[in-house]
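Contents: one structure, followed by commentary.
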Amino acid sequence: MAEITYLEAIREALFEEMARDENVFCLGEDIGAFGGAFKVTEGLMARFGESRVIDTPISEIGIVGAAAGAAHMGMRPVVEMQFIDFIANAYDILTNYVATARYRAFLPCPMVVRGPSGGYVRGGPFHSQNPEAGFVHTPGLKVVYPSTAEDAKGLMKAAIRDEDCVLFFEHKYLYRRVKGVMPAGDHVVPIGKARVAREGTDVSVITYAATVHKALEAAEQLQAEDGLSVEVIDLRTLAPLDDEAIVATVRKTNRVLVLHEDTRTGGIAGEITARISESCFEWLDAPVLRVTAHDIPLPYAPQLEDFVLPQTPDVVRAIRRLAAY
Amino acid sequence: MAEITYLEAIREALFEEMARDENVFCLGEDIGAFGGAFKVTEGLMARFGESRVIDTPISEIGIVGAAAGAAHMGMRPVVEMQFIDFIANAYDILTNYVATARYRAFLPCPMVVRGPSGGYVRGGPFHSQNPEAGFVHTPGLKVVYPSTAEDAKGLMKAAIRDEDCVLFFEHKYLYRRVKGVMPAGDHVVPIGKARVAREGTDVSVITYAATVHKALEAAEQLQAEDGLSVEVIDLRTLAPLDDEAIVATVRKTNRVLVLHEDTRTGGIAGEITARISESCFEWLDAPVLRVTAHDIPLPYAPQLEDFVLPQTPDVVRAIRRLAAY
Amino acid sequence: MATRTARKGGEPAARPSDRLTREQKLELYYWMRLTRTLEERLVALYRQTKVVGGLFRSLGQEADAVGSCFALERRDVMSPLIRNLGAMLVKGATPVEVLKQYMAKGDSPTRGRELNIHFGDVGAAGATRGFLGQISPLGDMVPVMTGVTLSFRMRGEDRVGLVYVGDGATSTGAFHEGINFAAVQRCPLVVVVENNGYAYSTPTHKQTLAKQFVDKAVGYGIPGYQADGNDVLAVYDVTRTAVDAARAGGGTQLVELMTYRRKGHAEHDNQSYVPDGEIERWAAENDPIDRYVARLTGELGFAAAELAAVDERVRREVDAATDEAEASGFPEPLDALLGVYADPPAERPLWFREGTGGAVAASERAADGWGVYRADPKAGGDA
Amino acid sequence: MATRTARKGGEPAARPSDRLTREQKLELYYWMRLTRTLEERLVALYRQTKVVGGLFRSLGQEADAVGSCFALERRDVMSPLIRNLGAMLVKGATPVEVLKQYMAKGDSPTRGRELNIHFGDVGAAGATRGFLGQISPLGDMVPVMTGVTLSFRMRGEDRVGLVYVGDGATSTGAFHEGINFAAVQRCPLVVVVENNGYAYSTPTHKQTLAKQFVDKAVGYGIPGYQADGNDVLAVYDVTRTAVDAARAGGGTQLVELMTYRRKGHAEHDNQSYVPDGEIERWAAENDPIDRYVARLTGELGFAAAELAAVDERVRREVDAATDEAEASGFPEPLDALLGVYADPPAERPLWFREGTGGAVAASERAADGWGVYRADPKAGGDA
Ligand SMILES: Cc1ncc(C[n+]2csc(CCOP(=O)(O)OP(=O)(O)O)c2C)c(N)n1
Ligand SMILES: Cc1ncc(C[n+]2csc(CCOP(=O)(O)OP(=O)(O)O)c2C)c(N)n1
Ligand SMILES: [Mg+2]
Ligand SMILES: [Mg+2]
């Protein structure tokens, strides 16, 4: 089997699900003939036609709302945000309408909202965001953010089949940099299950998306330079969080670093820390530490962006501190 | 000096600031002749005229955006959300435009967005929200949420004078239930400073807004029934958090409960727990625990709302557990 | 795209209402009367503090809600707003459902989760009555209905959608994005703007500078219609024309109904902002029920006794519904935990919550500490 | 409210452009040429990978940006979009600022924080050049400009605002809420819709069913105008008319300029979605600079040498600006920490960040642990 990129893996999932279930359809800005700003949906319109791959006006409220309405009627819409940053425009309809539909009105609302997310690409403050915190906070939504090509495909298929709304964040830095060989057959990765990206015994790093790769780099370096055994947990799903996986790694290493690319204050590292405090207080040999972005709108210049976002040396430094505690 | 309500205290602050500075003006839905859904702005239009108390169309994006534009030009707009729940509609323009204006464009954006917030009033899922988490997460915004009439007035005055955008959450359960005597003169309460609402030595409760009163009730009961000395910290400002006050109380009691009315996952209790873990790990004699709402859109029926929101007996139970740890 | 103003233009050659049967004409009266009587009952219950939250009236607007919804088939989907009780009744909502909702009963359509007429019944054609549960943020139902009707178009179903918005709600971004997207997609959607003169306390001239809402149609490239919202047959005619056009593949349609909100925004609102005499004038001269009664008993040849019989039937039905609603119980707290997601089907009660019995006890014994209870919320009695 | 279509109606009696001096007419040519030459320079720098992010062109739209902004006074405030480089230059932005922005230099107008032409200079009349730094989410600048112009009205200042939106951006809720609120408040705001046929790859007929964007004016109850966006004098005339109306108390105005985007959305876009020959036709038949050159040298009696002198001046200015921009340095990382808030004026570097020198060292010695550094980020050298 040939390797394909993270981006191609997502496209493959879309193709397979649209072929499997005629209720699946895509909508978004420029996703049709153009194939989307990042070409994720390239070829979909040619294969499935204009009525199942819909180019929309620039209307994030309109698109998300329309997806919800179609979902109520048994369709399975997959919405593209041209950049995930623009999901902010749909915050009301996602958190107030979509997230509550099942609870308040017993209305199924199976839909996916997906889009290129994250930084490290010189995208500036409005093309680099990681908006997961505001949605992990919303009961009724699920949130997924894969770090590997295999998971990107398998989680996308799970998201499309899920009975509720799944926000699917795709890391644009990984789109073409990360590759994998897809497992044969109907490859579905369950939502809500974390993955041990690297086994280790001394310190745990709990993370997701692009920073999984920073954690793995740091782990390599620390193995080589310090002889430290670092475990890396890739959360994959942010809502619901996989409490069991978190508890398991804390009990194993007793030292935890939570790492994310999002800004620090109010980012989901806080939630994870609170859960660890509640569930594993006596298992901790050191404080739970966080490596995150600075609390700053992400600047554009490489020198500034690199300073604001977490980097591999930051992870190394933090793990050393934890190990020495 | 006569006692006035929390609501009247806010109105008094608006009157005083509009009288003090002709650049201050109010805008929002039905705030003029009608005085607003809760009558917070009653009398303002009669006193200051239609051009400084502007009834707007139902356009939260439009209102918040217009406030930002006016703020750039040296005005000091105070925006009312008829219910704070509708701030979700302005999420993009608040987090992307307003919050970043100073950083990305060196544009001052001194403005206040205020509105009735919170539950315990049978308002159902769209008239009871506590949306602070999504904004505390946004660098560039300040967030205030008072629990007393004195603070409501003093913080509103500080918010209007602040050089940046302050989100001012007013708890509608407290509007007419909480009263206070306003300090004489120009009563301004600084943003960013917590308040020790009750001194204690055994367990700390860190909280804000309506649940301050639940914490105080619980503290009374535990003093009487268990002889426990409970310290209650009223954060008052949620962004920026008062780290010093948090550290001080943790070092004093070594046992901490974080209490908030907002839902649990992704609520700001997580952030506070992480900061305590980072700053005070060795000072903790027990895990940091959280009492919060269940992760559920807030239902309407009293039996359900009361079940979902945190209540005084929950706080009692949690403190007992911490004390016994 | 021409703006067809039913009110201003000459009478159309054949009005859809000409095809209504005698029974259907009486039915229109029944729905309007039922709306008004049910609301009056709600006022009584509100004064007895049996209504938990606010109470919203459609007094004087019954014709606009009833006449417009009457233009739909059962298979069609309608999205109401707070003042569309009449439309919901026409679409099959029952008085007892409405009463239980307002009283937050455990067996209300939303089991006490949502307030007043925020409930729905929607799904495959035939299987449901076809009305959608609204949410409070105004305008949001427009894009949702765009999606509902997009699904009709995609599946080739012979179904139409109808969504109501107030004069105030037209100012929202959601309205704009939803109607524009529906127009471009040629969704079979009728957008009804109920221009009742006010949005809460805000008069229409503070909401928009447009002379009339129907003028917005041209900016979306869709047909626009306007009618006297207090003339139930005119409302039916104009909406039916728009519905037929949408059904025939004519895409999205905008209908403006001119009416007047005689009560406050909600029961607590004293309407101090309304010019003197305005309400009284509308009540005296332009009550939609009075007008229809005059027409029924005049031009249309109904006997007063026929109408009295309807009134009597309505009274009986509302009485019976009230008895039933009053007798039913309040929700069980643990029911709050069910169904935020399809999977998991239930949230767990939090550990500090007393009174959840076995769930809490089991958690206290559990080795893994302080977090969320893992036990089945249904298990066990009270602690 | 009448829709005045400058293009379609007969020539107005006296055109504002008739009052332009000979120098001003040449100036219009200068701004268009400067826009084009500067963008060509940016393309060269982009190919040398000296531009950090994407590059956005306004090729073929220079007349619409330049002619419209030329209708403003210095005290007025203009809010540009990505394709309004020409308008920014007219309003006083300099080539060196633009080049430094694109190259993310430390002394660029945003010190490397924001990309391309996302920068501004706005404040009290006279003190600033009066253009606003845009953000990416489309439509948001409309309500912001509503507020800017509301402040003019409230203070009785003789100032007007002008905001650009693309055909695509008209579909956003922000556009709708902003223009509607401005209309009701009679803000002195001119909303210019640049209809260039595409929003990224999306042709206008997928954006709206409206025949023309000027049709939206009536739905907001405001005057609407339309002009040939590739005729710089026609653009000036229509915008000047709208600006004068706004300045005279006529409230909000909508201007649609018909133009064509000859380059892709950004430099990477291969325009595969454009019908064959369309771009070439516009380039050959409807280039705004070619058209104006023909007019200048024909009807308006300018000598070819006069234009050549402008071209030469532009080349020199762009060369000088390029040299200056290339010579300047990149931002210092610690500068990223300054000015998220007025108070505190700086964020603290996080403890795990190596290379922040004294700040980190001080924090490591600090008793209070593991959190955020409390030291002054400016203190100390590298660790
Ligand atoms: C987005 C949003 N903003 C504000 C409100 C508060 N609100 C509820 S009803 C109402 C007035 C609605 O007026 P209109 O649309 O004309 O409907 P009517 O009540 O007249 O039927 C307002 C402002 C809301 N529900 N949603
Ligand atoms: C709210 C929002 N959604 C999506 C985008 C992504 N986007 C950037 S430019 C663009 C097309 C803009 O088209 P138009 O408004 O016609 O302007 P033009 O580029 O033609 O000048 C899109 C979709 C955005 N910037 N903002
Ligand atoms: Mg109304
Ligand atoms: Mg365009």
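Each chain in the structure tokens gets a letter, A, B and so on, in the order shown; residues start at 1 in every chain, and ligands are counted from 1 in the order they appear.
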
Close residues to ligand 2 using only C-alpha atoms and all ligand atoms, limit 9 Å, as a VMD selection string: (chain A and resid 29 to 30 37 57 to 60 81 to 83 85 to 89 126 to 127) or (chain B and resid 92) or (chain D and resid 56 58 81 to 84 135 to 140 165 to 174 193 to 204 207 260 to 261 264 to 266)

At most 10 Å to chain C: residues in chain D, only C-alpha atoms, as number ranges by chain: D: 1, 170-186, 205-222

Please write the residues from the selection above to a file, keeping C-alpha atoms, as a PDB file, in the first residue's frame.
```pdb
ATOM      1  CA  MET D   1     -35.629  55.460  -2.662  1.00  0.00           C
ATOM      2  CA  THR D 170     -22.151  40.991   0.715  1.00  0.00           C
ATOM      3  CA  SER D 171     -23.320  37.520   1.711  1.00  0.00           C
ATOM      4  CA  THR D 172     -22.062  37.892   5.274  1.00  0.00           C
ATOM      5  CA  GLY D 173     -24.210  38.659   8.250  1.00  0.00           C
ATOM      6  CA  ALA D 174     -21.782  41.383   9.269  1.00  0.00           C
ATOM      7  CA  PHE D 175     -22.354  43.270   6.018  1.00  0.00           C
ATOM      8  CA  HIS D 176     -26.103  43.099   6.505  1.00  0.00           C
ATOM      9  CA  GLU D 177     -26.158  44.089  10.145  1.00  0.00           C
ATOM     10  CA  GLY D 178     -23.649  46.859   9.615  1.00  0.00           C
ATOM     11  CA  ILE D 179     -25.245  48.546   6.621  1.00  0.00           C
ATOM     12  CA  ASN D 180     -28.730  48.264   8.069  1.00  0.00           C
ATOM     13  CA  PHE D 181     -27.676  49.837  11.348  1.00  0.00           C
ATOM     14  CA  ALA D 182     -25.781  52.583   9.518  1.00  0.00           C
ATOM     15  CA  ALA D 183     -28.845  53.280   7.386  1.00  0.00           C
ATOM     16  CA  VAL D 184     -31.176  53.587  10.364  1.00  0.00           C
ATOM     17  CA  GLN D 185     -28.706  55.832  12.150  1.00  0.00           C
ATOM     18  CA  ARG D 186     -28.219  57.883   8.992  1.00  0.00           C
ATOM     19  CA  HIS D 205     -24.393  33.975  -9.710  1.00  0.00           C
ATOM     20  CA  LYS D 206     -23.523  31.462  -6.983  1.00  0.00           C
ATOM     21  CA  GLN D 207     -23.179  34.282  -4.485  1.00  0.00           C
ATOM     22  CA  THR D 208     -26.569  35.860  -4.988  1.00  0.00           C
ATOM     23  CA  LEU D 209     -29.628  35.588  -7.183  1.00  0.00           C
ATOM     24  CA  ALA D 210     -29.914  39.380  -7.284  1.00  0.00           C
ATOM     25  CA  LYS D 211     -29.377  40.769 -10.746  1.00  0.00           C
ATOM     26  CA  GLN D 212     -27.103  43.459  -9.403  1.00  0.00           C
ATOM     27  CA  PHE D 213     -25.849  44.454  -5.995  1.00  0.00           C
ATOM     28  CA  VAL D 214     -27.259  47.934  -6.270  1.00  0.00           C
ATOM     29  CA  ASP D 215     -30.667  46.263  -5.931  1.00  0.00           C
ATOM     30  CA  LYS D 216     -29.873  45.710  -2.281  1.00  0.00           C
ATOM     31  CA  ALA D 217     -30.041  49.452  -1.578  1.00  0.00           C
ATOM     32  CA  VAL D 218     -33.828  49.613  -1.656  1.00  0.00           C
ATOM     33  CA  GLY D 219     -34.031  46.852   0.960  1.00  0.00           C
ATOM     34  CA  TYR D 220     -32.019  49.085   3.271  1.00  0.00           C
ATOM     35  CA  GLY D 221     -33.945  52.200   2.272  1.00  0.00           C
ATOM     36  CA  ILE D 222     -30.837  53.994   1.042  1.00  0.00           C
TER      37      ILE D 222
END
```

Could you name the residues that touch A:Thr148 at 8 Å or less, counting only C-alpha atoms, but leaving out those on the same chain fewer than 5 positions away, as an mmCIF file with all heavy atoms, in the first residue's frame?
```cif
data_model
loop_
_atom_site.group_PDB
_atom_site.id
_atom_site.type_symbol
_atom_site.label_atom_id
_atom_site.label_comp_id
_atom_site.auth_asym_id
_atom_site.auth_seq_id
_atom_site.Cartn_x
_atom_site.Cartn_y
_atom_site.Cartn_z
ATOM 1 N N TYR A 6 -1.779 13.227 4.991
ATOM 2 C CA TYR A 6 -2.880 13.545 5.928
ATOM 3 C C TYR A 6 -4.042 14.148 5.134
ATOM 4 O O TYR A 6 -5.205 13.768 5.305
ATOM 5 C CB TYR A 6 -2.275 14.538 6.908
ATOM 6 C CG TYR A 6 -3.087 15.106 8.035
ATOM 7 C CD1 TYR A 6 -2.959 14.578 9.323
ATOM 8 C CD2 TYR A 6 -3.878 16.244 7.877
ATOM 9 C CE1 TYR A 6 -3.626 15.167 10.407
ATOM 10 C CE2 TYR A 6 -4.543 16.830 8.946
ATOM 11 C CZ TYR A 6 -4.413 16.291 10.211
ATOM 12 O OH TYR A 6 -5.056 16.872 11.276
ATOM 13 N N VAL A 178 2.725 15.158 6.792
ATOM 14 C CA VAL A 178 2.565 13.878 7.489
ATOM 15 C C VAL A 178 1.946 12.878 6.527
ATOM 16 O O VAL A 178 1.004 13.207 5.806
ATOM 17 C CB VAL A 178 1.701 14.085 8.745
ATOM 18 C CG1 VAL A 178 1.124 12.788 9.239
ATOM 19 C CG2 VAL A 178 2.534 14.758 9.840
ATOM 20 N N LYS A 179 2.495 11.672 6.531
ATOM 21 C CA LYS A 179 1.998 10.644 5.608
ATOM 22 C C LYS A 179 1.763 9.340 6.348
ATOM 23 O O LYS A 179 2.316 9.106 7.417
ATOM 24 C CB LYS A 179 3.032 10.395 4.507
ATOM 25 C CG LYS A 179 3.270 11.583 3.621
ATOM 26 C CD LYS A 179 4.060 11.197 2.371
ATOM 27 C CE LYS A 179 4.118 12.372 1.417
ATOM 28 N NZ LYS A 179 5.476 12.745 1.070
ATOM 29 N N GLY A 180 0.983 8.489 5.739
ATOM 30 C CA GLY A 180 0.759 7.186 6.354
ATOM 31 C C GLY A 180 0.195 6.211 5.337
ATOM 32 O O GLY A 180 -0.278 6.610 4.275
#
```

Selection: 9 Å around D:Glu40, only C-alpha atoms, excl. self and same-chain fewer than 5 positions, as a ChimeraX atom specification: /D:35,45,57

Residues of chain B within 7 Å of chain A, only C-alpha atoms counted, as a list in words: Ala88, Asn89, Tyr91, Asp92, Thr100, Ala133, Gly134, Val136, His137, Pro139, Thr265, Gly266, Gly267, Ile268, Gly270, Glu271, Thr273, Ala274, Ser277, Glu278, Phe281, Pro287, Val288, Leu289, Asp295, Ile296 and Pro297 of chain B

Sel. of helix (DSSP H, G or I) residues, stretch 141-290 of chain A, as JSON, numbers by chain: {"A": [149, 150, 151, 152, 153, 154, 155, 156, 157, 158, 159, 160, 161, 210, 211, 212, 213, 214, 215, 216, 217, 218, 219, 220, 221, 222, 223, 224, 225, 226, 243, 244, 245, 246, 247, 248, 249, 250, 251, 252, 253, 268, 269, 270, 271, 272, 273, 274, 275, 276, 277, 278, 279, 280, 281, 282, 283]}

Counting only C-alpha atoms, the option among C:Leu296, C:Val274, C:Ala304, C:Val160 closest to chain B: C:Val274

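Using only C-alpha atoms, the smallest distance between any of C:Val96, C:Val340, C:Leu254, C:Leu132 and chain A comes from C:Val340.
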
Interatomic distance (Å, one decimal) between atom CA of B:Tyr175 and atom CA of B:Asp151: 12.5 Å

Counting only C-alpha atoms and all ligand atoms, the residue of B:Met1, B:Ile84, B:Val78, B:Ala149 that sits nearest ligand 1: B:Ile84

DSSP strand (DSSP E) residues within stretch 170-270 of chain A, listed as a ChimeraX atom specification: /A:170-171,179-181,195-198,203-207,230-234,237-239,256-263

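Shortest separation to chain D among B:Val258, B:Val232, B:Val98, B:Ala66 occurs at residue B:Ala66, atoms counted being only C-alpha atoms.
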
Distance filter 7 Å, only C-alpha atoms, chain D against chain B, as a ChimeraX atom specification: /D:110,113-114,119-120,123-124,133,135,140,143-148,150-151,154,174,177-178,181,339-342,368-371

Nearby residues (only C-alpha atoms) at most 7 Å from B:Thr207, same-chain spacing under 6 positions excluded, as a PyMOL selection string: chain B and resi 233-235+258-260

Contacts of A:Arg114 at 6 Å (only C-alpha atoms; same-chain gap of 2+ positions) as a count of residues only: 4
